[in-house]
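J.: Structure file my_file09.cif, mmCIF, N, CA and C atoms, is pasted below:
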```
data_query
#
loop_
_atom_site.group_PDB
_atom_site.id
_atom_site.type_symbol
_atom_site.label_atom_id
_atom_site.label_comp_id
_atom_site.auth_asym_id
_atom_site.auth_seq_id
_atom_site.Cartn_x
_atom_site.Cartn_y
_atom_site.Cartn_z
ATOM 1 N N GLY A 1 -154.719 -46.509 42.343
ATOM 2 C CA GLY A 1 -155.737 -46.796 43.308
ATOM 3 C C GLY A 1 -155.930 -45.633 44.270
ATOM 4 N N ARG A 2 -156.897 -45.815 45.083
ATOM 5 C CA ARG A 2 -157.211 -44.793 46.080
ATOM 6 C C ARG A 2 -156.882 -45.343 47.457
ATOM 7 N N PHE A 3 -156.697 -44.442 48.397
ATOM 8 C CA PHE A 3 -156.472 -44.871 49.767
ATOM 9 C C PHE A 3 -157.093 -43.888 50.731
ATOM 10 N N GLY A 4 -157.441 -44.410 51.906
ATOM 11 C CA GLY A 4 -158.052 -43.586 52.932
ATOM 12 C C GLY A 4 -157.660 -44.096 54.302
ATOM 13 N N THR A 5 -157.892 -43.268 55.294
ATOM 14 C CA THR A 5 -157.589 -43.650 56.665
ATOM 15 C C THR A 5 -158.801 -43.357 57.543
ATOM 16 N N ILE A 6 -159.030 -44.227 58.505
ATOM 17 C CA ILE A 6 -160.073 -44.022 59.496
ATOM 18 C C ILE A 6 -159.414 -44.184 60.857
ATOM 19 N N VAL A 7 -159.460 -43.132 61.657
ATOM 20 C CA VAL A 7 -158.904 -43.187 63.004
ATOM 21 C C VAL A 7 -160.053 -42.924 63.969
ATOM 22 N N GLN A 8 -160.363 -43.917 64.786
ATOM 23 C CA GLN A 8 -161.504 -43.819 65.677
ATOM 24 C C GLN A 8 -161.226 -42.915 66.871
ATOM 25 N N ARG A 9 -162.289 -42.405 67.468
ATOM 26 C CA ARG A 9 -162.181 -41.492 68.607
ATOM 27 C C ARG A 9 -161.450 -42.104 69.791
ATOM 28 N N ARG A 10 -161.609 -43.384 69.975
ATOM 29 C CA ARG A 10 -160.981 -44.016 71.133
ATOM 30 C C ARG A 10 -159.460 -44.068 71.014
ATOM 31 N N MET A 11 -158.915 -43.685 69.847
ATOM 32 C CA MET A 11 -157.465 -43.672 69.643
ATOM 33 C C MET A 11 -156.797 -42.465 70.280
ATOM 34 N N GLY A 12 -157.554 -41.518 70.741
ATOM 35 C CA GLY A 12 -156.965 -40.352 71.383
ATOM 36 C C GLY A 12 -157.763 -39.101 71.083
ATOM 37 N N LYS A 13 -157.230 -37.999 71.537
ATOM 38 C CA LYS A 13 -157.886 -36.713 71.296
ATOM 39 C C LYS A 13 -157.678 -36.305 69.843
ATOM 40 N N ALA A 14 -158.354 -35.239 69.429
ATOM 41 C CA ALA A 14 -158.353 -34.813 68.029
ATOM 42 C C ALA A 14 -156.945 -34.566 67.491
ATOM 43 N N VAL A 15 -156.078 -33.985 68.295
ATOM 44 C CA VAL A 15 -154.716 -33.694 67.839
ATOM 45 C C VAL A 15 -153.982 -34.986 67.501
ATOM 46 N N GLN A 16 -154.132 -36.002 68.346
ATOM 47 C CA GLN A 16 -153.469 -37.287 68.111
ATOM 48 C C GLN A 16 -154.053 -37.990 66.887
ATOM 49 N N ARG A 17 -155.364 -37.951 66.757
ATOM 50 C CA ARG A 17 -156.007 -38.600 65.608
ATOM 51 C C ARG A 17 -155.612 -37.917 64.301
ATOM 52 N N ASN A 18 -155.596 -36.587 64.299
ATOM 53 C CA ASN A 18 -155.213 -35.854 63.087
ATOM 54 C C ASN A 18 -153.765 -36.124 62.708
ATOM 55 N N ARG A 19 -152.883 -36.201 63.703
ATOM 56 C CA ARG A 19 -151.468 -36.521 63.431
ATOM 57 C C ARG A 19 -151.366 -37.911 62.806
ATOM 58 N N ALA A 20 -152.108 -38.867 63.352
ATOM 59 C CA ALA A 20 -152.094 -40.224 62.811
ATOM 60 C C ALA A 20 -152.577 -40.229 61.362
ATOM 61 N N ARG A 21 -153.642 -39.493 61.079
ATOM 62 C CA ARG A 21 -154.147 -39.406 59.703
ATOM 63 C C ARG A 21 -153.101 -38.816 58.766
ATOM 64 N N ARG A 22 -152.475 -37.725 59.208
ATOM 65 C CA ARG A 22 -151.461 -37.072 58.364
ATOM 66 C C ARG A 22 -150.281 -37.989 58.094
ATOM 67 N N VAL A 23 -149.799 -38.675 59.127
ATOM 68 C CA VAL A 23 -148.652 -39.568 58.968
ATOM 69 C C VAL A 23 -149.001 -40.716 58.020
ATOM 70 N N LEU A 24 -150.135 -41.360 58.235
ATOM 71 C CA LEU A 24 -150.527 -42.474 57.380
ATOM 72 C C LEU A 24 -150.761 -42.027 55.941
ATOM 73 N N ARG A 25 -151.404 -40.874 55.768
ATOM 74 C CA ARG A 25 -151.648 -40.343 54.424
ATOM 75 C C ARG A 25 -150.328 -40.049 53.705
ATOM 76 N N GLU A 26 -149.358 -39.476 54.415
ATOM 77 C CA GLU A 26 -148.064 -39.159 53.814
ATOM 78 C C GLU A 26 -147.306 -40.434 53.427
ATOM 79 N N ILE A 27 -147.365 -41.443 54.273
ATOM 80 C CA ILE A 27 -146.700 -42.710 53.955
ATOM 81 C C ILE A 27 -147.295 -43.305 52.682
ATOM 82 N N LEU A 28 -148.605 -43.337 52.593
ATOM 83 C CA LEU A 28 -149.246 -43.890 51.406
ATOM 84 C C LEU A 28 -148.986 -43.028 50.172
ATOM 85 N N ARG A 29 -148.987 -41.717 50.348
ATOM 86 C CA ARG A 29 -148.749 -40.814 49.213
ATOM 87 C C ARG A 29 -147.349 -41.011 48.631
ATOM 88 N N THR A 30 -146.356 -41.137 49.506
ATOM 89 C CA THR A 30 -144.979 -41.285 49.025
ATOM 90 C C THR A 30 -144.685 -42.702 48.539
ATOM 91 N N SER A 31 -145.556 -43.654 48.863
ATOM 92 C CA SER A 31 -145.337 -45.044 48.465
ATOM 93 C C SER A 31 -146.230 -45.463 47.307
ATOM 94 N N VAL A 32 -146.973 -44.538 46.743
ATOM 95 C CA VAL A 32 -147.954 -44.884 45.720
ATOM 96 C C VAL A 32 -147.305 -45.554 44.507
ATOM 97 N N SER A 33 -146.067 -45.218 44.165
ATOM 98 C CA SER A 33 -145.409 -45.841 43.013
ATOM 99 C C SER A 33 -145.062 -47.299 43.291
ATOM 100 N N GLU A 34 -144.972 -47.697 44.560
ATOM 101 C CA GLU A 34 -144.636 -49.073 44.929
ATOM 102 C C GLU A 34 -145.878 -49.952 45.067
ATOM 103 N N LEU A 35 -147.055 -49.344 45.096
ATOM 104 C CA LEU A 35 -148.281 -50.100 45.339
ATOM 105 C C LEU A 35 -148.867 -50.655 44.046
ATOM 106 N N VAL A 36 -149.541 -51.786 44.162
ATOM 107 C CA VAL A 36 -150.212 -52.403 43.027
ATOM 108 C C VAL A 36 -151.300 -51.461 42.541
ATOM 109 N N GLU A 37 -151.403 -51.314 41.228
ATOM 110 C CA GLU A 37 -152.390 -50.396 40.669
ATOM 111 C C GLU A 37 -153.779 -51.016 40.680
ATOM 112 N N GLY A 38 -154.794 -50.161 40.757
ATOM 113 C CA GLY A 38 -156.168 -50.608 40.685
ATOM 114 C C GLY A 38 -156.748 -51.098 42.003
ATOM 115 N N MET A 39 -156.051 -50.861 43.098
ATOM 116 C CA MET A 39 -156.538 -51.317 44.404
ATOM 117 C C MET A 39 -156.894 -50.114 45.263
ATOM 118 N N ASP A 40 -157.997 -50.221 45.980
ATOM 119 C CA ASP A 40 -158.362 -49.225 46.974
ATOM 120 C C ASP A 40 -157.883 -49.732 48.322
ATOM 121 N N ILE A 41 -157.200 -48.891 49.086
ATOM 122 C CA ILE A 41 -156.629 -49.291 50.365
ATOM 123 C C ILE A 41 -157.236 -48.425 51.457
ATOM 124 N N LEU A 42 -157.747 -49.064 52.486
ATOM 125 C CA LEU A 42 -158.304 -48.376 53.638
ATOM 126 C C LEU A 42 -157.520 -48.808 54.869
ATOM 127 N N VAL A 43 -156.920 -47.838 55.562
ATOM 128 C CA VAL A 43 -156.121 -48.124 56.751
ATOM 129 C C VAL A 43 -156.933 -47.738 57.979
ATOM 130 N N LEU A 44 -157.143 -48.712 58.857
ATOM 131 C CA LEU A 44 -157.879 -48.502 60.089
ATOM 132 C C LEU A 44 -157.000 -49.024 61.232
ATOM 133 N N PRO A 45 -156.204 -48.133 61.859
ATOM 134 C CA PRO A 45 -155.292 -48.598 62.907
ATOM 135 C C PRO A 45 -156.064 -49.111 64.123
ATOM 136 N N LYS A 46 -155.543 -50.171 64.712
ATOM 137 C CA LYS A 46 -156.119 -50.770 65.914
ATOM 138 C C LYS A 46 -155.076 -50.703 67.022
ATOM 139 N N GLY A 47 -155.521 -50.645 68.240
ATOM 140 C CA GLY A 47 -154.598 -50.621 69.366
ATOM 141 C C GLY A 47 -154.057 -49.230 69.612
ATOM 142 N N GLU A 48 -152.887 -49.174 70.216
ATOM 143 C CA GLU A 48 -152.276 -47.892 70.565
ATOM 144 C C GLU A 48 -151.576 -47.265 69.371
ATOM 145 N N LEU A 49 -151.694 -45.967 69.248
ATOM 146 C CA LEU A 49 -151.023 -45.250 68.163
ATOM 147 C C LEU A 49 -149.671 -44.734 68.640
ATOM 148 N N GLN A 50 -148.624 -45.128 67.982
ATOM 149 C CA GLN A 50 -147.275 -44.633 68.260
ATOM 150 C C GLN A 50 -146.769 -43.962 66.988
ATOM 151 N N MET A 51 -147.110 -42.703 66.796
ATOM 152 C CA MET A 51 -146.776 -41.997 65.561
ATOM 153 C C MET A 51 -145.532 -41.133 65.709
ATOM 154 N N ASP A 52 -144.747 -41.362 66.762
ATOM 155 C CA ASP A 52 -143.569 -40.524 66.999
ATOM 156 C C ASP A 52 -142.442 -40.811 66.012
ATOM 157 N N ASP A 53 -142.235 -42.072 65.657
ATOM 158 C CA ASP A 53 -141.128 -42.455 64.784
ATOM 159 C C ASP A 53 -141.665 -42.754 63.385
ATOM 160 N N PHE A 54 -141.537 -41.781 62.478
ATOM 161 C CA PHE A 54 -142.100 -41.890 61.126
ATOM 162 C C PHE A 54 -141.538 -43.108 60.395
ATOM 163 N N LYS A 55 -140.216 -43.329 60.482
ATOM 164 C CA LYS A 55 -139.594 -44.454 59.769
ATOM 165 C C LYS A 55 -140.125 -45.788 60.270
ATOM 166 N N ASN A 56 -140.332 -45.908 61.565
ATOM 167 C CA ASN A 56 -140.856 -47.140 62.143
ATOM 168 C C ASN A 56 -142.286 -47.396 61.667
ATOM 169 N N VAL A 57 -143.117 -46.368 61.685
ATOM 170 C CA VAL A 57 -144.508 -46.507 61.234
ATOM 171 C C VAL A 57 -144.531 -46.856 59.753
ATOM 172 N N ARG A 58 -143.688 -46.191 58.955
ATOM 173 C CA ARG A 58 -143.630 -46.460 57.513
ATOM 174 C C ARG A 58 -143.211 -47.908 57.264
ATOM 175 N N GLY A 59 -142.190 -48.358 57.978
ATOM 176 C CA GLY A 59 -141.723 -49.729 57.818
ATOM 177 C C GLY A 59 -142.795 -50.748 58.163
ATOM 178 N N GLU A 60 -143.506 -50.533 59.262
ATOM 179 C CA GLU A 60 -144.554 -51.448 59.664
ATOM 180 C C GLU A 60 -145.702 -51.472 58.657
ATOM 181 N N LEU A 61 -146.104 -50.289 58.177
ATOM 182 C CA LEU A 61 -147.208 -50.225 57.218
ATOM 183 C C LEU A 61 -146.815 -50.883 55.890
ATOM 184 N N LEU A 62 -145.611 -50.589 55.394
ATOM 185 C CA LEU A 62 -145.176 -51.196 54.136
ATOM 186 C C LEU A 62 -145.010 -52.703 54.280
ATOM 187 N N ASN A 63 -144.534 -53.164 55.439
ATOM 188 C CA ASN A 63 -144.410 -54.598 55.683
ATOM 189 C C ASN A 63 -145.779 -55.260 55.634
ATOM 190 N N LEU A 64 -146.766 -54.623 56.227
ATOM 191 C CA LEU A 64 -148.125 -55.147 56.198
ATOM 192 C C LEU A 64 -148.658 -55.194 54.761
ATOM 193 N N LEU A 65 -148.400 -54.136 53.990
ATOM 194 C CA LEU A 65 -148.857 -54.094 52.595
ATOM 195 C C LEU A 65 -148.183 -55.173 51.757
ATOM 196 N N VAL A 66 -146.900 -55.470 52.045
ATOM 197 C CA VAL A 66 -146.191 -56.546 51.344
ATOM 198 C C VAL A 66 -146.851 -57.886 51.679
ATOM 199 N N CYS A 67 -147.138 -58.110 52.962
ATOM 200 C CA CYS A 67 -147.786 -59.361 53.388
ATOM 201 C C CYS A 67 -149.144 -59.548 52.717
ATOM 202 N N LEU A 68 -149.838 -58.459 52.469
ATOM 203 C CA LEU A 68 -151.146 -58.508 51.827
ATOM 204 C C LEU A 68 -151.053 -58.587 50.303
ATOM 205 N N GLY A 69 -149.836 -58.486 49.777
ATOM 206 C CA GLY A 69 -149.642 -58.547 48.331
ATOM 207 C C GLY A 69 -150.023 -57.266 47.613
ATOM 208 N N LEU A 70 -149.960 -56.125 48.309
ATOM 209 C CA LEU A 70 -150.346 -54.859 47.711
ATOM 210 C C LEU A 70 -149.162 -54.014 47.259
ATOM 211 N N VAL A 71 -147.947 -54.565 47.366
ATOM 212 C CA VAL A 71 -146.749 -53.857 46.926
ATOM 213 C C VAL A 71 -146.188 -54.599 45.726
ATOM 214 N N LYS A 72 -145.809 -53.838 44.698
ATOM 215 C CA LYS A 72 -145.243 -54.439 43.495
ATOM 216 C C LYS A 72 -143.959 -55.160 43.847
ATOM 217 N N SER A 73 -143.704 -56.263 43.153
ATOM 218 C CA SER A 73 -142.462 -57.003 43.370
ATOM 219 C C SER A 73 -141.317 -56.304 42.651
ATOM 220 N N LYS A 74 -140.108 -56.684 42.977
ATOM 221 C CA LYS A 74 -138.923 -56.102 42.322
ATOM 222 C C LYS A 74 -138.968 -56.390 40.823
ATOM 223 N N LYS A 75 -139.503 -57.542 40.431
ATOM 224 C CA LYS A 75 -139.595 -57.897 39.016
ATOM 225 C C LYS A 75 -140.449 -56.885 38.257
ATOM 226 N N ASP A 76 -141.551 -56.438 38.886
ATOM 227 C CA ASP A 76 -142.419 -55.447 38.243
ATOM 228 C C ASP A 76 -141.672 -54.140 38.021
ATOM 229 N N HIS A 77 -140.839 -53.745 39.006
ATOM 230 C CA HIS A 77 -140.052 -52.523 38.853
ATOM 231 C C HIS A 77 -139.039 -52.683 37.731
ATOM 232 N N LEU A 78 -138.405 -53.867 37.631
ATOM 233 C CA LEU A 78 -137.419 -54.098 36.583
ATOM 234 C C LEU A 78 -138.070 -54.085 35.204
ATOM 235 N N LYS A 79 -139.242 -54.679 35.072
ATOM 236 C CA LYS A 79 -139.940 -54.687 33.791
ATOM 237 C C LYS A 79 -140.258 -53.267 33.352
ATOM 238 N N LYS A 80 -140.645 -52.424 34.283
ATOM 239 C CA LYS A 80 -140.964 -51.040 33.975
ATOM 240 C C LYS A 80 -139.698 -50.309 33.501
ATOM 241 N N ASP A 81 -138.561 -50.579 34.182
ATOM 242 C CA ASP A 81 -137.291 -49.952 33.801
ATOM 243 C C ASP A 81 -136.820 -50.432 32.445
ATOM 244 N N GLU A 82 -137.031 -51.713 32.126
ATOM 245 C CA GLU A 82 -136.599 -52.259 30.834
ATOM 246 C C GLU A 82 -137.387 -51.637 29.687
ATOM 247 N N ALA A 83 -138.620 -51.248 29.940
ATOM 248 C CA ALA A 83 -139.466 -50.671 28.894
ATOM 249 C C ALA A 83 -138.984 -49.280 28.487
ATOM 250 N N SER A 84 -138.328 -48.579 29.400
ATOM 251 C CA SER A 84 -137.851 -47.247 29.073
ATOM 252 C C SER A 84 -136.495 -47.345 28.380
ATOM 253 N N PRO A 85 -136.231 -46.471 27.417
ATOM 254 C CA PRO A 85 -134.958 -46.540 26.684
ATOM 255 C C PRO A 85 -133.790 -46.198 27.607
ATOM 256 N N ASP A 86 -132.657 -46.861 27.364
ATOM 257 C CA ASP A 86 -131.445 -46.654 28.150
ATOM 258 C C ASP A 86 -130.693 -45.467 27.590
ATOM 259 N N PRO A 87 -130.507 -44.387 28.363
ATOM 260 C CA PRO A 87 -129.848 -43.186 27.852
ATOM 261 C C PRO A 87 -128.358 -43.377 27.586
ATOM 262 N N SER A 88 -127.722 -44.431 28.145
ATOM 263 C CA SER A 88 -126.288 -44.616 27.963
ATOM 264 C C SER A 88 -125.948 -45.287 26.651
ATOM 265 N N SER A 89 -126.943 -45.907 25.972
ATOM 266 C CA SER A 89 -126.613 -46.604 24.720
ATOM 267 C C SER A 89 -127.025 -45.825 23.508
#
```
In structure tokens, what does this structure look like?

T.:
Amino acid sequence: GRFGTIVQRRMGKAVQRNRARRVLREILRTSVSELVEGMDILVLPKGELQMDDFKNVRGELLNLLVCLGLVKSKKDHLKKDEASPDPSS
């Protein structure tokens, strides 16, 4: 799937908005293997932006994606692993 971010002007000056875009884009880029395929995701942050703690922002965003059903379940990961041959046998 594809993903995008929209950060409105009222969220801060250009430096703050660009940082928010970069952080959100990086979180989605590194989490793409965990996301359900075939979905387009658009992130539009509301309220105050607190982009100082990357792990906290990542956790909150992934938690939201889980609540929305956009993250693959553990069963899906196991099925994918079972399909690949086991190198130890």

J.: Enumerate, as a list in words, the residues matched when the PyMOL selection byres ((chain A and resi 50-59) around 8) is run on the file above.

T.: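 Against this file, the PyMOL selection byres ((chain A and resi 50-59) around 8) returns the residues Arg19, Ala20, Val23, Leu24, Ile27, Leu28, Gly47, Glu48, Leu49, Glu60, Leu61, Leu62, Asn63, Leu64 and Leu65 of chain A.
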
J.: So which bits of chain A end up strand (DSSP E) when you DSSP the backbone, as a count of residues only?

T.: 6

J.: Of the candidates A:Arg22, A:Gln16, A:Ser33, A:Cys67, which shows the shortest atom-to-atom distance to Gly4 in chain A, using only C-alpha atoms?

T.: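 Residue with the minimum atom-to-atom distance to Gly4 in chain A: A:Arg22.
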
J.: Identify which of the residues A:Lys13, A:Glu37, A:Leu44, A:Thr5 lies closest to Arg25 in chain A, counting all atoms listed in the file when measuring atom-to-atom distances.

T.: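 Smallest distance to Arg25 in chain A is found for A:Thr5.
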
J.: When you draw a straight line from atom C of Glu26 in chain A to atom C of Ser73 in chain A, how long is it in Å?

T.: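 Between atom C of Glu26 in chain A and atom C of Ser73 in chain A the gap works out to 20.1 Å.
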
J.: Apply the PyMOL selection byres ((chain A and resi 7) around 8) to the structure shown and report the selected residues as a list in words.

T.: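 For this structure, the PyMOL selection byres ((chain A and resi 7) around 8) captures Gly4, Thr5, Ile6, Gln8, Arg9, Arg10, Met11, Gly12, Arg17, Asn18, Ala20, Arg21, Val43, Leu44, Pro45 and Lys46 of chain A.
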
J.: Using DSSP assignments from the backbone, pull out every residue in chain A that falls under helix (DSSP H, G or I) and give it to me as an MDAnalysis selection string.

T.: chainID A and resid 9:11 14:30 32:34 54:67 74:83

J.: When you draw a straight line from atom C of Val15 in chain A to atom C of Asp40 in chain A, how long is it in Å?

T.: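 If I compute the distance from atom C of Val15 in chain A to atom C of Asp40 in chain A, I get 24.5 Å.
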
J.: Provide the atom N of Arg2 in chain A to atom C of Val36 in chain A distance in Å, to one decimal place.

T.: 8.3 Å

J.: Quick one: residues within 8 Å of Met39 in chain A, only N, CA and C atoms, excluding same-chain residues fewer than 3 positions away - as a list in words?

T.: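 Neighbouring residues, sequence-local ones excluded: Gly1, Arg2, Phe3, Leu35, Val36, Leu42 and Leu70 of chain A.
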